[in-house]
Amino acid sequence: MPHFLDLDRTPREDLRAILDTARAMKAARGDRPRGTPDDALPLEGRVVALIFEKPSTRTRISFDVGARQMGATTMVLSGADMQLGHGETVGDTARVLSRYVDLVMIRTFGAEILHEMAEHATVPVINGLTDSSHPCQLMADVMTYEEHRGPIEGARVAWMGDGNNVAQSFLQAAERFGFDMTFSGPEQLDPDPRLMERLRASGRDARIERDPARAVADADLIVTDTWVSMGDAESSRQRRHNLLRPYQVNEALLGAAPESALVMHCLPAHRGEEITDAVLDGPRSVVFDEAENRLHAQKAIMRWCVGA
Ligand code: CP
């Protein structure tokens, strides 16, 4: 079953093929008004269930719009409104959904919930974010980098701040697409060391650099994310802010980076915290291209999942 669960579970050549499809579909839409369907409707007659156990703007809307552009019917479901949020097992939910719909995307908490869904579903399941990864975001991010700078292979990405789920997917993307990573954040919030090791074992560089200015000195891309992710205890907010403040992406930090370095943030941003207005709205920021490319990348992921 071609589930899209994580980058390290998807063959490299398939990830590359998905990006090729995404680029082609984006180009084919040209200046078409946003509400109109694509010329080809590869998902016509199919039903896509989009389940959210956490809040979302981009993932919710880009999956919904993308599926509709390809001719599918969609259902956006809140976990709390389903029996899933009231004691029904993930496995039973997966079995039942598989009798009704052709594709399931789920945003949930622990990765074990996603994997249980995939284990029991007889239709493809897509990871729309868990506490440990966000692979759809990375497909859009790699697509965006390559639109601006060409092949990402051999580039260096500097991650600033919390080693959260998006940071961990960056490490997986680095292994799959062949780029190097510098992680710069407090030791208490390092990403999973096994992902750093796996990247090194693949022959790429995975570096930890506690000094933010040194971390960006050779970066082709600087990336950050919110200091308090969905699922982090609200009581840890002040502690996390204190730990992460030195890693803010601001104009002074960009002054230590090569002039060609791009800036990404998967959004939502907390302006004035992990990133300043001047950087987010500045000439090196490609954050809104990233947000748009969620649509194109996920359309290609859905096609890959159903073989259409
Ligand atoms: N980047 C991202 O996944 O955004 P949402 O939380 O709004 O879906």
# chains A, B, ... in the order shown; residues from 1 in each chain; ligands from 1

$ residues_near_ligand --ligand "ligand 1" --cutoff "10 Å" --atoms "only C-alpha atoms and all ligand atoms" --output "number ranges by chain"
A: 52, 54-63, 107, 128-129, 134-138, 140, 166, 225, 229-230, 265-269, 290-291, 294

$ write_last_selection --atoms "C-alpha atoms" --output "CSV table (one decimal), in the first residue's frame"
chain,number,residue,atom,x,y,z
A,52,PHE,CA,-7.4,16.9,11.9
A,54,LYS,CA,-4.8,19.4,15.8
A,55,PRO,CA,-5.4,22.9,14.3
A,56,SER,CA,-4.3,23.7,10.8
A,57,THR,CA,-4.7,26.4,8.1
A,58,ARG,CA,-2.3,25.5,5.3
A,59,THR,CA,-2.6,21.7,5.5
A,60,ARG,CA,-6.3,21.8,5.7
A,61,ILE,CA,-6.9,24.2,2.9
A,62,SER,CA,-4.2,23.1,0.5
A,63,PHE,CA,-5.2,19.4,0.7
A,107,ARG,CA,-2.9,15.2,11.3
A,128,GLY,CA,-0.3,15.5,7.6
A,129,LEU,CA,1.9,16.1,10.7
A,134,HIS,CA,5.9,16.7,8.8
A,135,PRO,CA,6.9,15.1,5.5
A,136,CYS,CA,4.4,17.0,3.3
A,137,GLN,CA,6.0,20.3,4.5
A,138,LEU,CA,9.4,19.1,3.4
A,140,ALA,CA,7.0,21.8,-0.5
A,166,VAL,CA,9.8,19.9,11.0
A,225,ASP,CA,9.9,27.4,13.2
A,229,SER,CA,4.8,23.6,18.8
A,230,MET,CA,1.3,22.1,19.0
A,265,HIS,CA,9.5,29.2,7.8
A,266,CYS,CA,6.7,26.7,7.4
A,267,LEU,CA,4.2,29.1,9.1
A,268,PRO,CA,2.4,30.0,11.2
A,269,ALA,CA,5.1,32.4,12.3
A,290,GLU,CA,6.6,27.5,0.5
A,291,ALA,CA,3.0,27.9,1.6
A,294,ARG,CA,2.1,22.8,-0.2

$ select_by_dssp --residues "region 87-248 of chain A" --states "alpha helix (DSSP H)" --output "JSON, numbers by chain"
{"A": [90, 91, 92, 93, 94, 95, 96, 97, 98, 99, 100, 111, 112, 113, 114, 115, 116, 117, 118, 119, 120, 135, 136, 137, 138, 139, 140, 141, 142, 143, 144, 145, 146, 147, 148, 149, 165, 166, 167, 168, 169, 170, 171, 172, 173, 174, 175, 176, 177, 193, 194, 195, 196, 197, 198, 199, 200, 201, 212, 213, 214, 215, 216, 237, 238, 239, 240, 241, 242, 243, 244]}

$ residues_around --residues "Ala219 (chain A)" --least-positions-apart "3" --cutoff "6 Å" --atoms "only C-alpha atoms" --output "list in words"
Arg156, Val157, Ala158 and Val216 of chain A

$ select_by_dssp --residues "region 100-165 of chain A" --states "strand (DSSP E)" --output "ChimeraX atom specification"
/A:103-107,125-127,156-160

$ residues_around --residues "Pro2 (chain A)" --least-positions-apart "2" --cutoff "7 Å" --atoms "only C-alpha atoms" --output "list in words"
Phe4, Pro124 and Cys305 of chain A

$ write_last_selection --atoms "C-alpha atoms" --output "PDB file, in the first residue's frame"
ATOM      1  CA  PHE A   4       3.027   8.526   2.488  1.00  0.00           C
ATOM      2  CA  PRO A 124      -3.427   4.946   1.299  1.00  0.00           C
ATOM      3  CA  CYS A 305      -0.691   7.354  -3.343  1.00  0.00           C
TER       4      CYS A 305
END

$ residues_around --residues "Arg245 (chain A)" --least-positions-apart "2" --cutoff "9 Å" --atoms "only C-alpha atoms" --output "ChimeraX atom specification"
/A:161,227,240-243,247-248,273-274

$ residues_around --residues "Thr130 (chain A)" --least-positions-apart "5" --cutoff "9 Å" --atoms "only C-alpha atoms" --output "number ranges by chain"
A: 106-111, 113-114, 165

$ write_last_selection --atoms "all heavy atoms" --output "PDB file, in the first residue's frame"
ATOM      1  N   ILE A 106      -4.194  12.259   7.673  1.00  0.00           N
ATOM      2  CA  ILE A 106      -4.455  12.512   9.092  1.00  0.00           C
ATOM      3  C   ILE A 106      -3.348  13.365   9.704  1.00  0.00           C
ATOM      4  O   ILE A 106      -2.157  13.132   9.467  1.00  0.00           O
ATOM      5  CB  ILE A 106      -4.645  11.194   9.902  1.00  0.00           C
ATOM      6  CG1 ILE A 106      -4.930  11.505  11.386  1.00  0.00           C
ATOM      7  CG2 ILE A 106      -3.470  10.235   9.725  1.00  0.00           C
ATOM      8  CD1 ILE A 106      -5.467  10.331  12.180  1.00  0.00           C
ATOM      9  N   ARG A 107      -3.767  14.384  10.453  1.00  0.00           N
ATOM     10  CA  ARG A 107      -2.862  15.170  11.318  1.00  0.00           C
ATOM     11  C   ARG A 107      -3.175  14.746  12.733  1.00  0.00           C
ATOM     12  O   ARG A 107      -4.322  14.877  13.202  1.00  0.00           O
ATOM     13  CB  ARG A 107      -3.090  16.668  11.137  1.00  0.00           C
ATOM     14  CG  ARG A 107      -2.453  17.500  12.235  1.00  0.00           C
ATOM     15  CD  ARG A 107      -2.421  18.972  11.948  1.00  0.00           C
ATOM     16  NE  ARG A 107      -1.457  19.273  10.902  1.00  0.00           N
ATOM     17  CZ  ARG A 107      -0.991  20.493  10.634  1.00  0.00           C
ATOM     18  NH1 ARG A 107      -1.412  21.528  11.330  1.00  0.00           N
ATOM     19  NH2 ARG A 107      -0.129  20.679   9.664  1.00  0.00           N
ATOM     20  N   THR A 108      -2.150  14.220  13.426  1.00  0.00           N
ATOM     21  CA  THR A 108      -2.413  13.667  14.747  1.00  0.00           C
ATOM     22  C   THR A 108      -1.252  13.909  15.700  1.00  0.00           C
ATOM     23  O   THR A 108      -0.355  14.699  15.403  1.00  0.00           O
ATOM     24  CB  THR A 108      -2.769  12.163  14.632  1.00  0.00           C
ATOM     25  OG1 THR A 108      -3.194  11.689  15.903  1.00  0.00           O
ATOM     26  CG2 THR A 108      -1.591  11.318  14.139  1.00  0.00           C
ATOM     27  N   PHE A 109      -1.268  13.259  16.827  1.00  0.00           N
ATOM     28  CA  PHE A 109      -0.282  13.476  17.889  1.00  0.00           C
ATOM     29  C   PHE A 109       0.908  12.532  17.690  1.00  0.00           C
ATOM     30  O   PHE A 109       1.777  12.808  16.885  1.00  0.00           O
ATOM     31  CB  PHE A 109      -0.966  13.314  19.256  1.00  0.00           C
ATOM     32  CG  PHE A 109      -2.042  14.350  19.478  1.00  0.00           C
ATOM     33  CD1 PHE A 109      -3.366  14.101  19.131  1.00  0.00           C
ATOM     34  CD2 PHE A 109      -1.715  15.593  19.994  1.00  0.00           C
ATOM     35  CE1 PHE A 109      -4.348  15.066  19.319  1.00  0.00           C
ATOM     36  CE2 PHE A 109      -2.696  16.570  20.175  1.00  0.00           C
ATOM     37  CZ  PHE A 109      -4.011  16.299  19.834  1.00  0.00           C
ATOM     38  N   GLY A 110       0.930  11.412  18.371  1.00  0.00           N
ATOM     39  CA  GLY A 110       2.077  10.507  18.284  1.00  0.00           C
ATOM     40  C   GLY A 110       2.131   9.786  16.940  1.00  0.00           C
ATOM     41  O   GLY A 110       1.102   9.468  16.336  1.00  0.00           O
ATOM     42  N   ALA A 111       3.362   9.495  16.496  1.00  0.00           N
ATOM     43  CA  ALA A 111       3.538   8.780  15.224  1.00  0.00           C
ATOM     44  C   ALA A 111       2.878   7.411  15.273  1.00  0.00           C
ATOM     45  O   ALA A 111       2.467   6.874  14.236  1.00  0.00           O
ATOM     46  CB  ALA A 111       5.021   8.646  14.923  1.00  0.00           C
ATOM     47  N   ILE A 113       0.012   6.633  16.271  1.00  0.00           N
ATOM     48  CA  ILE A 113      -1.387   6.720  15.819  1.00  0.00           C
ATOM     49  C   ILE A 113      -1.429   6.657  14.299  1.00  0.00           C
ATOM     50  O   ILE A 113      -2.219   5.917  13.704  1.00  0.00           O
ATOM     51  CB  ILE A 113      -2.040   8.026  16.332  1.00  0.00           C
ATOM     52  CG1 ILE A 113      -2.017   8.064  17.868  1.00  0.00           C
ATOM     53  CG2 ILE A 113      -3.467   8.175  15.797  1.00  0.00           C
ATOM     54  CD1 ILE A 113      -2.422   9.412  18.463  1.00  0.00           C
ATOM     55  N   LEU A 114      -0.541   7.409  13.664  1.00  0.00           N
ATOM     56  CA  LEU A 114      -0.441   7.383  12.197  1.00  0.00           C
ATOM     57  C   LEU A 114      -0.143   5.958  11.718  1.00  0.00           C
ATOM     58  O   LEU A 114      -0.777   5.454  10.777  1.00  0.00           O
ATOM     59  CB  LEU A 114       0.677   8.338  11.765  1.00  0.00           C
ATOM     60  CG  LEU A 114       1.083   8.272  10.300  1.00  0.00           C
ATOM     61  CD1 LEU A 114       0.060   9.030   9.453  1.00  0.00           C
ATOM     62  CD2 LEU A 114       2.481   8.862  10.094  1.00  0.00           C
ATOM     63  N   ASN A 165       9.330  18.620  15.039  1.00  0.00           N
ATOM     64  CA  ASN A 165       8.941  17.680  13.976  1.00  0.00           C
ATOM     65  C   ASN A 165       9.403  18.134  12.587  1.00  0.00           C
ATOM     66  O   ASN A 165       9.843  17.319  11.770  1.00  0.00           O
ATOM     67  CB  ASN A 165       7.413  17.446  14.015  1.00  0.00           C
ATOM     68  CG  ASN A 165       6.607  18.736  14.125  1.00  0.00           C
ATOM     69  OD1 ASN A 165       7.154  19.844  14.063  1.00  0.00           O
ATOM     70  ND2 ASN A 165       5.298  18.604  14.299  1.00  0.00           N
TER      71      ASN A 165
END

$ atom_distance --atom1 "CA of Glu44 (chain A)" --atom2 "CA of Ala80 (chain A)"
28.9 Å
